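Below is one structure, written out as structure tokens; the observations come after it.
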Amino acid sequence: MLTGILVSGLGLGSMYGLVALGFHITFAVSGTVNFAQGSAVTLGAVLGYAFGVRLGWPMPLAAAAALAGCALLGLAVERLLVRPFVARGSDAWLLATVAGGIILDNALLFTFGKEPRSLPSALVAAPVQVLGAGIYPLQLAIPAVGIAAALAIRAVFRGTELGRVLLAVAQNTEAARLMGIDVGRTIACAFALSAVLAGTAGLLIAPLFSVSAEMGALFGIKAFAVAILGGIGSATGVVLAGLLYGLVEAGVTATLGSGATQIVVFSVIILALALRPNGLLGRAAVNKV
Amino acid sequence: MPQRPHAARLTRRLALGTLLAGVACLGFDLGPVRAAEPVRIGLVTALSGQSAKSGEAISRGIGLAIDEINKQGGVLGRPLELVARDDEANPSKGVLAARELIQRAGVVALIGGLDTPVSMAIVPIANQMKVPFVGPWAAGTGITRNGAADNYVFRVSAVDALVDEALVAYAQKTYGAKKPGAILVNNAWGESNQQGIVAALKAAGLPSAGIEKYEANDLDMVPQLTRLREAGADALFLVGNVGPSAQVVKSLDRMGWDVPVVSHWGPAGGRFDELAGPGAARVHFVQTFTFAGNENPKAKAVLEALKAKYPAIKSMADVTPAVGIANAYDATHLIALAIRAAGSTEGPKLRDGFYKVAPYPGLIKTYETPFAPGRHDALGPADYVFSRFRNGEIVAVAQ
């Protein structure tokens with residue numbers, strides 16, 4: 001039972017973490033977030049299904065193509081739904097990205113179809129027994145990918161030229177612009193990266209469950225809760241919060257039944273935010289005078 | 001108005017005159033006008049979402065039956081026409097659609113869909129507005145046995161209370177089950193079966209290993225299944241739509257627990273064997289009808305007619321779920337027969353027409369007296385067939 005909770009909780013939790021990491025990146029760089037992240041989860045899985053099953057491409061190629069599609073989505077969201085509003089000093093990008101997500105979900109419903117389909121994977125062909133619980137190899141791979149992605153992003157931010165550029169834009173847009181950094185392109189890159197992370201989550205969970213045009217919506221909402229819980233400005237905090245969220249969710253489902261899950265989990269989130277208003281690892285915004 | 005009595009009277013006379021003239025015109029060419037005016041039947045079912053395939057099956061069954069009825073001259077000299085609405089498996093959308101169909105589209109009867117919660121929400125409206133509501137799928141016991149003094153709800157489908165008896169009997173006979181457990185969806189349909197299973201187990205003198213629930217969007221049922229395994233369940237009763245049913249099978253596979261699964265007919269509602277993988281074959285579920293292996297000449301004729309009418313049907317996998325097609329096909333014919341027997345489309349007369357339908361050789365069986373006061377279900381346990389998936393097709397389990 002305990003192994004089951006751990007595997008299931010860490011698996012889903014790291015997926016929430018990946019999607020929430022996307023919220024973190026765009027927020028850190030531009031102070032905006034893409035509320036269509038849930039739809040990017042769906043898009044990753046649906047494109048993976050379209051390329052890998054319908055067109056029969058080899059899975060690695062199909063996954064790469066699906067992620068490229070997600071990157072394009074991220075660029076489009078930034079260019080069409082965020083930039084025009086931010087340029088006018090409006091906060092309407094918030095609603096625009098929500099609306100964009102709904103449009104994409106419904107467009108997928110039309111093109112992909114209404115029925116859930118199965119995305120086969122060699123990693124869910126047969127379960128392996130670990131400590132008395134049956135686990136698909138993919139379930140072990142998912143947290144590994146999630147944590148690796150978080151570490152990679154940390155490394156990129158701290159140790160590479162691109163990371164320094166991103167951080168520079170995050171810290172002071174005007175100064176970065178004066179230093180010759182193309183701020184617009186940097187922000188666009190952040191949105192593309194954020195959608196790619198969400199698409200990765202979609203591709204990873206699809207073989208465990210099923211691919212459907214509605215699979216990402218709930219994911220996006222939970223991931224935003226996770227981002228806030230972790231402290232949206234902290235990559236480590238966001239991933240940590242994702243794992244915690246997944247574990248609490250799995251634990252409550254296993255012990256109290258899934259009817260109680262959302263009640264307990266969201267109560268815990270409210271309590272946690274009451275105790276730490278800036279999230280687990282978030283820092284209070286400093287009002288410079 | 002009181003200030004201008006003459007004007008008022010004049011208006012009233014004018015209105016009356018126009019009305020009389022209108023009626024006279026209508027009387028004059030009564031024939032052609034009324035022949036062109038179709039008798040409308042409403043359909044409220046899920047046409048989108050994970051159960052879309054079942055909605056499509058129901059629509060096809062009705063469509064084929066309406067074609068046949070109209071070829072024979074329709075009902076009361078008027079053609080039948082279907083007006084369909086998508087309830088998205090959502091009770092409030094179903095209620096809105098039912099009201100709209102009755103009040104705006106003027107349907108004389110409603111056909112329901114596959115979700116018990118939606119049908120349960122429509123039942124009071126049908127009874128209150130006195131419009132017959134015929135269920136071709138949703139099996140919740142309380143839909144037809146709704147306790148209304150004046151009951152307008154009929155069904156050509158399985159009934160939970162009877163299905164649950166059949167599930168218990170099948171588990172006992174086929175698997176020698178001594179302590180079965182149940183895993184049910186947490187909604188009105190699961191509730192209906194919880195009562196049915198408890199009653200059926202009690203009647204059979206069997207102890208229960210427990211009854212577990214899951215939410216329709218749960219992804220992992222291992223915790224609930226683990227509790228059942230620890231309680232010593234030697235067979236499982238499964239109630240849920242196709243998506244979660246597939247998740248139950250995947251969870252069982254991961255646990256490496258090869259317990260027999262005897263299921264209500266949720267898996268029939270979609271691509272169960274694609275979603276659940278090879279473990280799908282171990283789930284035996286109730287059906288009222290299968291095309292595969294059906295030697296009845298009527299079944300073969302209907303299958304051919306379906307292929308002719310819907311070119312999208314290429315293989316047997318495309319006439320899955322056959323229960324949706326067959327139940328809806330027979331239900332539509334029974335509605336037409338009831339309208340003919342009543343000689344009217346008025347609600348109360350039409351309802352009594354259902355009791356007067358003469359023996360009808362249908363697709364599922366020959367209905368001797370399909371309905372009677374106090375018996376609004378046309379099908380019973382004798383009509384249930386246990387089936388399973390094989391290469392995307394639903395086939396009867398060899399007994």
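In the structure tokens, chains take letters A, B, ... by order of appearance, with residues numbered from 1 within each chain and ligands from 1 in the order shown.
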At a cut-off of 9 Å, can you tabulate as JSON lines every residue of chain B near chain A together with its closest atom pair and the distance in Å to one decimal, using only C-alpha atoms and ordering rows by chain then number?
{"residue": "B:Leu47", "atom": "CA", "partner": "A:Lys114", "partner_atom": "CA", "distance": 8.6}
{"residue": "B:Ser48", "atom": "CA", "partner": "A:Lys114", "partner_atom": "CA", "distance": 5.6}
{"residue": "B:Gly49", "atom": "CA", "partner": "A:Lys114", "partner_atom": "CA", "distance": 5.0}
{"residue": "B:Gln50", "atom": "CA", "partner": "A:Glu115", "partner_atom": "CA", "distance": 4.9}
{"residue": "B:Ser51", "atom": "CA", "partner": "A:Glu115", "partner_atom": "CA", "distance": 7.1}
{"residue": "B:Ala52", "atom": "CA", "partner": "A:Lys114", "partner_atom": "CA", "distance": 6.4}
{"residue": "B:Lys53", "atom": "CA", "partner": "A:Glu115", "partner_atom": "CA", "distance": 7.3}
{"residue": "B:Asn186", "atom": "CA", "partner": "A:Gly259", "partner_atom": "CA", "distance": 8.0}
{"residue": "B:Glu212", "atom": "CA", "partner": "A:Gly257", "partner_atom": "CA", "distance": 8.7}
{"residue": "B:Lys213", "atom": "CA", "partner": "A:Gly257", "partner_atom": "CA", "distance": 7.7}
{"residue": "B:Tyr214", "atom": "CA", "partner": "A:Ser258", "partner_atom": "CA", "distance": 6.2}
{"residue": "B:Glu215", "atom": "CA", "partner": "A:Ser258", "partner_atom": "CA", "distance": 6.3}
{"residue": "B:Asp218", "atom": "CA", "partner": "A:Ser258", "partner_atom": "CA", "distance": 7.5}
{"residue": "B:Leu219", "atom": "CA", "partner": "A:Phe209", "partner_atom": "CA", "distance": 6.7}
{"residue": "B:Asp220", "atom": "CA", "partner": "A:Ser8", "partner_atom": "CA", "distance": 7.8}
{"residue": "B:Met221", "atom": "CA", "partner": "A:Ala254", "partner_atom": "CA", "distance": 8.8}
{"residue": "B:Val222", "atom": "CA", "partner": "A:Gly4", "partner_atom": "CA", "distance": 7.5}
{"residue": "B:Pro223", "atom": "CA", "partner": "A:Ala254", "partner_atom": "CA", "distance": 4.8}
{"residue": "B:Gln224", "atom": "CA", "partner": "A:Ala254", "partner_atom": "CA", "distance": 6.9}
{"residue": "B:Thr226", "atom": "CA", "partner": "A:Met1", "partner_atom": "CA", "distance": 7.3}
{"residue": "B:Gly243", "atom": "CA", "partner": "A:Pro116", "partner_atom": "CA", "distance": 7.6}
{"residue": "B:Ala246", "atom": "CA", "partner": "A:Phe209", "partner_atom": "CA", "distance": 8.8}
{"residue": "B:Gln247", "atom": "CA", "partner": "A:Phe209", "partner_atom": "CA", "distance": 7.1}
{"residue": "B:Lys250", "atom": "CA", "partner": "A:Leu208", "partner_atom": "CA", "distance": 8.6}
{"residue": "B:Ser251", "atom": "CA", "partner": "A:Gly134", "partner_atom": "CA", "distance": 8.8}
{"residue": "B:Asp253", "atom": "CA", "partner": "A:Pro127", "partner_atom": "CA", "distance": 7.5}
{"residue": "B:Arg254", "atom": "CA", "partner": "A:Gly134", "partner_atom": "CA", "distance": 4.5}
{"residue": "B:Met255", "atom": "CA", "partner": "A:Gly134", "partner_atom": "CA", "distance": 4.8}
{"residue": "B:Gly256", "atom": "CA", "partner": "A:Gly134", "partner_atom": "CA", "distance": 6.6}
{"residue": "B:Gly270", "atom": "CA", "partner": "A:Glu115", "partner_atom": "CA", "distance": 7.6}
{"residue": "B:Arg271", "atom": "CA", "partner": "A:Arg117", "partner_atom": "CA", "distance": 7.6}
{"residue": "B:Glu274", "atom": "CA", "partner": "A:Ser118", "partner_atom": "CA", "distance": 6.1}
{"residue": "B:Leu275", "atom": "CA", "partner": "A:Ser118", "partner_atom": "CA", "distance": 5.1}
{"residue": "B:Ala276", "atom": "CA", "partner": "A:Ser118", "partner_atom": "CA", "distance": 8.3}
{"residue": "B:Gly277", "atom": "CA", "partner": "A:Ser118", "partner_atom": "CA", "distance": 8.7}
Take the residues that were just selected and, keeping C-alpha atoms, output them as a PDB file, in the first residue's frame.
ATOM      1  CA  LEU B  47     -23.046  12.958 -28.243  1.00  0.00           C
ATOM      2  CA  SER B  48     -19.636  14.214 -27.110  1.00  0.00           C
ATOM      3  CA  GLY B  49     -17.125  13.251 -24.453  1.00  0.00           C
ATOM      4  CA  GLN B  50     -15.918   9.781 -23.564  1.00  0.00           C
ATOM      5  CA  SER B  51     -19.308   8.140 -24.153  1.00  0.00           C
ATOM      6  CA  ALA B  52     -19.810   9.702 -27.595  1.00  0.00           C
ATOM      7  CA  LYS B  53     -19.670   6.308 -29.290  1.00  0.00           C
ATOM      8  CA  ASN B 186     -19.491   7.225  -7.104  1.00  0.00           C
ATOM      9  CA  GLU B 212     -15.558   0.340  -2.876  1.00  0.00           C
ATOM     10  CA  LYS B 213     -16.260   3.546  -4.778  1.00  0.00           C
ATOM     11  CA  TYR B 214     -14.172   5.640  -7.137  1.00  0.00           C
ATOM     12  CA  GLU B 215     -14.649   9.041  -8.761  1.00  0.00           C
ATOM     13  CA  ASP B 218      -9.834   8.857 -10.857  1.00  0.00           C
ATOM     14  CA  LEU B 219      -6.733   7.574 -12.578  1.00  0.00           C
ATOM     15  CA  ASP B 220      -5.497   4.970 -10.136  1.00  0.00           C
ATOM     16  CA  MET B 221      -7.815   2.469  -8.416  1.00  0.00           C
ATOM     17  CA  VAL B 222      -5.055   0.430  -6.738  1.00  0.00           C
ATOM     18  CA  PRO B 223      -5.895   1.664  -3.195  1.00  0.00           C
ATOM     19  CA  GLN B 224      -9.560   0.620  -3.404  1.00  0.00           C
ATOM     20  CA  THR B 226      -6.016  -3.403  -2.479  1.00  0.00           C
ATOM     21  CA  GLY B 243     -12.822   5.087 -19.219  1.00  0.00           C
ATOM     22  CA  ALA B 246     -10.320   0.526 -18.234  1.00  0.00           C
ATOM     23  CA  GLN B 247      -8.417   2.158 -15.355  1.00  0.00           C
ATOM     24  CA  LYS B 250      -4.996  -1.491 -15.643  1.00  0.00           C
ATOM     25  CA  SER B 251      -4.814  -1.151 -11.868  1.00  0.00           C
ATOM     26  CA  ASP B 253      -2.831  -5.695 -14.014  1.00  0.00           C
ATOM     27  CA  ARG B 254      -0.331  -3.581 -12.121  1.00  0.00           C
ATOM     28  CA  MET B 255      -1.238  -5.318  -8.889  1.00  0.00           C
ATOM     29  CA  GLY B 256      -0.831  -8.673 -10.602  1.00  0.00           C
ATOM     30  CA  GLY B 270     -16.327   2.619 -26.106  1.00  0.00           C
ATOM     31  CA  ARG B 271     -12.965   1.249 -27.169  1.00  0.00           C
ATOM     32  CA  GLU B 274      -7.802  -0.416 -26.668  1.00  0.00           C
ATOM     33  CA  LEU B 275      -7.914   1.577 -23.424  1.00  0.00           C
ATOM     34  CA  ALA B 276      -7.554  -1.340 -21.013  1.00  0.00           C
ATOM     35  CA  GLY B 277      -5.053  -3.412 -23.017  1.00  0.00           C
TER      36      GLY B 277
END
Determine, counting only C-alpha atoms, which protein, DNA and RNA residues have an atom within 10 Å of an atom of range 347-360 of chain B; residues of the same chain fewer than 5 positions away are not included. Present the result as an mmCIF file with C-alpha atoms, in the first residue's frame.
data_model
loop_
_atom_site.group_PDB
_atom_site.id
_atom_site.type_symbol
_atom_site.label_atom_id
_atom_site.label_comp_id
_atom_site.auth_asym_id
_atom_site.auth_seq_id
_atom_site.Cartn_x
_atom_site.Cartn_y
_atom_site.Cartn_z
ATOM 1 C CA VAL B 108 -44.396 13.865 -28.573
ATOM 2 C CA ALA B 109 -41.962 11.489 -26.873
ATOM 3 C CA ALA B 126 -41.500 13.816 -18.308
ATOM 4 C CA ASN B 127 -44.003 12.852 -15.609
ATOM 5 C CA MET B 129 -45.370 17.435 -18.562
ATOM 6 C CA LYS B 130 -46.997 14.106 -19.416
ATOM 7 C CA VAL B 131 -44.620 13.261 -22.258
ATOM 8 C CA PRO B 132 -43.542 9.609 -22.570
ATOM 9 C CA PHE B 133 -39.792 9.164 -21.920
ATOM 10 C CA ASP B 150 -48.739 8.813 -13.065
ATOM 11 C CA ASN B 151 -45.662 7.224 -14.632
ATOM 12 C CA TYR B 152 -44.626 8.258 -18.168
ATOM 13 C CA VAL B 153 -41.231 6.553 -18.147
ATOM 14 C CA PHE B 154 -40.606 3.356 -20.111
ATOM 15 C CA ASP B 330 -36.650 -1.558 -30.752
ATOM 16 C CA HIS B 333 -40.468 0.915 -33.207
ATOM 17 C CA LEU B 334 -42.332 0.469 -29.910
ATOM 18 C CA ILE B 335 -42.953 4.238 -29.710
ATOM 19 C CA ALA B 336 -44.364 4.189 -33.258
ATOM 20 C CA LEU B 337 -46.571 1.198 -32.386
ATOM 21 C CA ALA B 338 -47.757 2.992 -29.244
ATOM 22 C CA ILE B 339 -48.683 6.105 -31.270
ATOM 23 C CA ARG B 340 -50.612 3.909 -33.705
ATOM 24 C CA ALA B 341 -52.315 2.023 -30.864
ATOM 25 C CA ALA B 342 -53.238 5.311 -29.158
ATOM 26 C CA LYS B 365 -36.768 -10.591 -29.114
ATOM 27 C CA THR B 366 -40.485 -10.854 -29.831
ATOM 28 C CA TYR B 367 -42.207 -8.557 -27.374
ATOM 29 C CA GLU B 368 -45.499 -10.235 -26.349
ATOM 30 C CA THR B 369 -46.881 -7.448 -24.164
ATOM 31 C CA PRO B 370 -43.891 -5.125 -23.932
ATOM 32 C CA PHE B 371 -45.425 -2.859 -21.277
ATOM 33 C CA ALA B 372 -48.236 -2.993 -18.749
ATOM 34 C CA PRO B 373 -49.300 -0.675 -15.939
ATOM 35 C CA ARG B 375 -44.320 -2.959 -15.595
ATOM 36 C CA HIS B 376 -42.545 -0.312 -17.656
#
Q: Would you please extract all alpha helix (DSSP H) residues from range 6-55 of chain A, as assigned by DSSP on the backbone, and give them as a VMD selection string?
A: chain A and resid 6 to 30 37 to 49
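One finds CA of Ala40 in chain A at 12.8 Å from CA of Asn106 in chain A.
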Q: Could you give me the residues within range 26-269 of chain A that DSSP places in strand (DSSP E or B), as a ChimeraX atom specification?
A: /A:117,128-130,133-135,211
(Q) Taking 6 positions as the minimum chain separation for residues in the same chain, which residues sit within 12 Å of Gly135 in chain B when counting only C-alpha atoms? Answer as a PyMOL selection string. (A) chain B and resi 42-45+58+109-116+118-120+122-123+126+141-144+152-159+324+327-332+334-335+376-379
Q: Would you mind reading off the distance between CA of Ser194 in chain A and CA of Gly180 in chain A, one decimal, in Å?
A: 24.0 Å
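Each of B:Asp234, B:Asp273, B:Glu295, B:Glu393 was checked against Ala322 in chain B using only C-alpha atoms; the smallest atom-to-atom distance is that of B:Glu393.
Distances from B:Leu162, B:Leu64, B:Glu346, B:Ala203 to Gly106 in chain B were compared using only C-alpha atoms, and the smallest one belongs to B:Glu346.
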(Q) What's around Ala225 in chain A at 10 Å? Count only C-alpha atoms, leave out sequence neighbours fewer than 4 positions away in its own chain, and write the answer as number ranges by chain. (A) A: 16, 20, 219-221, 229-232, 238, 241-242, 245, 266, 269-270
Keeping only C-alpha atoms, write those residues as a PDB file, in the first residue's frame.
ATOM      1  CA  TYR A  16       2.282  18.773 -11.540  1.00  0.00           C
ATOM      2  CA  ALA A  20       4.078  24.361 -12.555  1.00  0.00           C
ATOM      3  CA  PHE A 219      -3.947  19.319 -14.667  1.00  0.00           C
ATOM      4  CA  GLY A 220      -3.495  22.993 -15.471  1.00  0.00           C
ATOM      5  CA  ILE A 221      -5.583  24.072 -12.485  1.00  0.00           C
ATOM      6  CA  LEU A 229       2.014  26.771  -3.082  1.00  0.00           C
ATOM      7  CA  GLY A 230       5.685  26.369  -3.934  1.00  0.00           C
ATOM      8  CA  GLY A 231       6.251  30.072  -4.345  1.00  0.00           C
ATOM      9  CA  ILE A 232       5.970  30.906  -8.021  1.00  0.00           C
ATOM     10  CA  VAL A 238       7.574  24.662  -7.287  1.00  0.00           C
ATOM     11  CA  ALA A 241       5.348  21.536  -3.925  1.00  0.00           C
ATOM     12  CA  GLY A 242       4.367  19.388  -6.907  1.00  0.00           C
ATOM     13  CA  TYR A 245       0.817  17.747  -3.637  1.00  0.00           C
ATOM     14  CA  PHE A 266      -7.260  22.168  -1.160  1.00  0.00           C
ATOM     15  CA  ILE A 269      -3.200  24.339   0.436  1.00  0.00           C
ATOM     16  CA  ILE A 270      -5.200  27.151   2.041  1.00  0.00           C
TER      17      ILE A 270
END
Q) Which polymer residues have any atom within 8 Å of an atom of Ala204 in chain B, counting only C-alpha atoms, with same-chain residues fewer than 4 positions away left out, as a list in words? A) Val168, Ala169 and Ala200 of chain B
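The space between CA of Val242 in chain B and CA of Ala268 in chain B spans 6.9 Å.
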Q | Polymer residues at most 12 Å from Pro60 in chain A, only C-alpha atoms, same-chain spacing of 3 or more positions, as a PyMOL selection string | A | chain A and resi 48+51-52+56-57+63-67+121-122+203
Can those selected residues be exported to a file as a PDB file, in the first residue's frame so that it contains C-alpha atoms?
ATOM      1  CA  GLY A  48       2.207  12.389 -29.675  1.00  0.00           C
ATOM      2  CA  PHE A  51       2.376  11.332 -34.969  1.00  0.00           C
ATOM      3  CA  GLY A  52       3.160   8.083 -33.161  1.00  0.00           C
ATOM      4  CA  GLY A  56       3.130   5.483 -37.239  1.00  0.00           C
ATOM      5  CA  TRP A  57       6.336   7.465 -36.677  1.00  0.00           C
ATOM      6  CA  ALA A  63       7.646  12.889 -29.104  1.00  0.00           C
ATOM      7  CA  ALA A  64      10.162  15.395 -30.462  1.00  0.00           C
ATOM      8  CA  ALA A  65       7.682  16.595 -33.079  1.00  0.00           C
ATOM      9  CA  ALA A  66       4.936  16.872 -30.462  1.00  0.00           C
ATOM     10  CA  LEU A  67       7.197  18.991 -28.239  1.00  0.00           C
ATOM     11  CA  SER A 121       4.380   2.607 -24.853  1.00  0.00           C
ATOM     12  CA  ALA A 122       6.977  -0.103 -24.355  1.00  0.00           C
ATOM     13  CA  LEU A 203       3.400  12.792 -23.282  1.00  0.00           C
TER      14      LEU A 203
END
Long-range neighbours of range 79-88 of chain A as an mmCIF file with N, CA and C atoms, in the first residue's frame, 12 Å cut-off, only C-alpha atoms, 4 positions minimum in chain:
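To be explicit, this is the file written out as around_28.cif:
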data_model
loop_
_atom_site.group_PDB
_atom_site.id
_atom_site.type_symbol
_atom_site.label_atom_id
_atom_site.label_comp_id
_atom_site.auth_asym_id
_atom_site.auth_seq_id
_atom_site.Cartn_x
_atom_site.Cartn_y
_atom_site.Cartn_z
ATOM 1 N N THR A 26 7.811 31.562 -16.983
ATOM 2 C CA THR A 26 7.304 32.784 -17.612
ATOM 3 C C THR A 26 7.110 33.875 -16.569
ATOM 4 N N SER A 30 8.934 37.354 -17.117
ATOM 5 C CA SER A 30 8.111 38.452 -17.622
ATOM 6 C C SER A 30 7.015 38.902 -16.667
ATOM 7 N N GLY A 31 6.842 38.218 -15.535
ATOM 8 C CA GLY A 31 5.767 38.601 -14.624
ATOM 9 C C GLY A 31 4.394 38.213 -15.141
ATOM 10 N N THR A 32 4.343 37.416 -16.199
ATOM 11 C CA THR A 32 3.045 36.940 -16.691
ATOM 12 C C THR A 32 3.054 35.414 -16.675
ATOM 13 N N VAL A 33 1.865 34.813 -16.698
ATOM 14 C CA VAL A 33 1.801 33.355 -16.813
ATOM 15 C C VAL A 33 0.839 32.981 -17.931
ATOM 16 N N ASN A 34 1.018 31.772 -18.409
ATOM 17 C CA ASN A 34 0.200 31.263 -19.492
ATOM 18 C C ASN A 34 -0.830 30.314 -18.900
ATOM 19 N N PHE A 35 -2.078 30.778 -18.787
ATOM 20 C CA PHE A 35 -3.104 29.919 -18.197
ATOM 21 C C PHE A 35 -3.581 28.836 -19.151
ATOM 22 N N ALA A 36 -3.018 28.810 -20.354
ATOM 23 C CA ALA A 36 -3.349 27.726 -21.282
ATOM 24 C C ALA A 36 -2.397 26.542 -21.089
ATOM 25 N N LEU A 72 5.751 25.833 -30.475
ATOM 26 C CA LEU A 72 5.058 26.772 -31.356
ATOM 27 C C LEU A 72 3.841 27.360 -30.647
ATOM 28 N N LEU A 73 3.123 26.502 -29.915
ATOM 29 C CA LEU A 73 1.963 26.990 -29.164
ATOM 30 C C LEU A 73 2.398 28.075 -28.176
ATOM 31 N N GLY A 74 3.501 27.795 -27.453
ATOM 32 C CA GLY A 74 3.998 28.763 -26.475
ATOM 33 C C GLY A 74 4.315 30.097 -27.138
ATOM 34 N N LEU A 75 4.981 30.032 -28.311
ATOM 35 C CA LEU A 75 5.328 31.257 -29.031
ATOM 36 C C LEU A 75 4.059 32.008 -29.441
ATOM 37 N N ALA A 92 -5.128 42.159 -19.151
ATOM 38 C CA ALA A 92 -6.096 41.311 -19.844
ATOM 39 C C ALA A 92 -5.471 40.034 -20.399
ATOM 40 N N TRP A 93 -4.094 39.954 -20.421
ATOM 41 C CA TRP A 93 -3.464 38.702 -20.860
ATOM 42 C C TRP A 93 -3.947 37.528 -20.024
ATOM 43 N N LEU A 94 -4.341 37.840 -18.776
ATOM 44 C CA LEU A 94 -4.799 36.796 -17.863
ATOM 45 C C LEU A 94 -6.006 36.073 -18.468
ATOM 46 N N LEU A 95 -7.021 36.866 -18.832
ATOM 47 C CA LEU A 95 -8.210 36.279 -19.427
ATOM 48 C C LEU A 95 -7.915 35.761 -20.829
ATOM 49 N N ALA A 96 -7.050 36.491 -21.550
ATOM 50 C CA ALA A 96 -6.764 36.085 -22.933
ATOM 51 C C ALA A 96 -6.147 34.689 -22.969
ATOM 52 N N THR A 97 -5.233 34.384 -22.010
ATOM 53 C CA THR A 97 -4.624 33.051 -22.051
ATOM 54 C C THR A 97 -5.629 31.976 -21.608
ATOM 55 N N VAL A 98 -6.514 32.321 -20.653
ATOM 56 C CA VAL A 98 -7.567 31.365 -20.276
ATOM 57 C C VAL A 98 -8.420 31.060 -21.506
ATOM 58 N N ALA A 99 -8.828 32.127 -22.204
ATOM 59 C CA ALA A 99 -9.676 31.963 -23.387
ATOM 60 C C ALA A 99 -8.954 31.164 -24.462
ATOM 61 N N GLY A 100 -7.654 31.472 -24.640
ATOM 62 C CA GLY A 100 -6.880 30.734 -25.632
ATOM 63 C C GLY A 100 -6.880 29.242 -25.331
ATOM 64 N N GLY A 101 -6.764 28.901 -24.049
ATOM 65 C CA GLY A 101 -6.779 27.488 -23.653
ATOM 66 C C GLY A 101 -8.103 26.827 -23.992
ATOM 67 N N VAL A 183 14.821 41.610 -25.389
ATOM 68 C CA VAL A 183 13.896 41.202 -24.330
ATOM 69 C C VAL A 183 12.706 40.428 -24.900
ATOM 70 N N GLY A 184 12.164 40.933 -25.998
ATOM 71 C CA GLY A 184 10.989 40.278 -26.603
ATOM 72 C C GLY A 184 11.283 38.827 -26.922
ATOM 73 N N ARG A 185 12.461 38.591 -27.535
ATOM 74 C CA ARG A 185 12.772 37.223 -27.933
ATOM 75 C C ARG A 185 12.985 36.348 -26.700
ATOM 76 N N ILE A 187 11.564 36.648 -23.753
ATOM 77 C CA ILE A 187 10.269 36.295 -23.157
ATOM 78 C C ILE A 187 9.571 35.240 -24.003
ATOM 79 N N ALA A 188 9.655 35.381 -25.330
ATOM 80 C CA ALA A 188 9.042 34.380 -26.217
ATOM 81 C C ALA A 188 9.646 33.006 -25.953
ATOM 82 N N CYS A 189 10.979 32.967 -25.788
ATOM 83 C CA CYS A 189 11.655 31.693 -25.490
ATOM 84 C C CYS A 189 11.107 31.092 -24.199
ATOM 85 N N ALA A 190 10.895 31.938 -23.188
ATOM 86 C CA ALA A 190 10.390 31.438 -21.907
ATOM 87 C C ALA A 190 9.013 30.801 -22.094
ATOM 88 N N PHE A 191 8.160 31.432 -22.884
ATOM 89 C CA PHE A 191 6.827 30.859 -23.118
ATOM 90 C C PHE A 191 6.923 29.535 -23.869
ATOM 91 N N ALA A 192 7.822 29.474 -24.861
ATOM 92 C CA ALA A 192 7.990 28.230 -25.612
ATOM 93 C C ALA A 192 8.453 27.118 -24.674
#
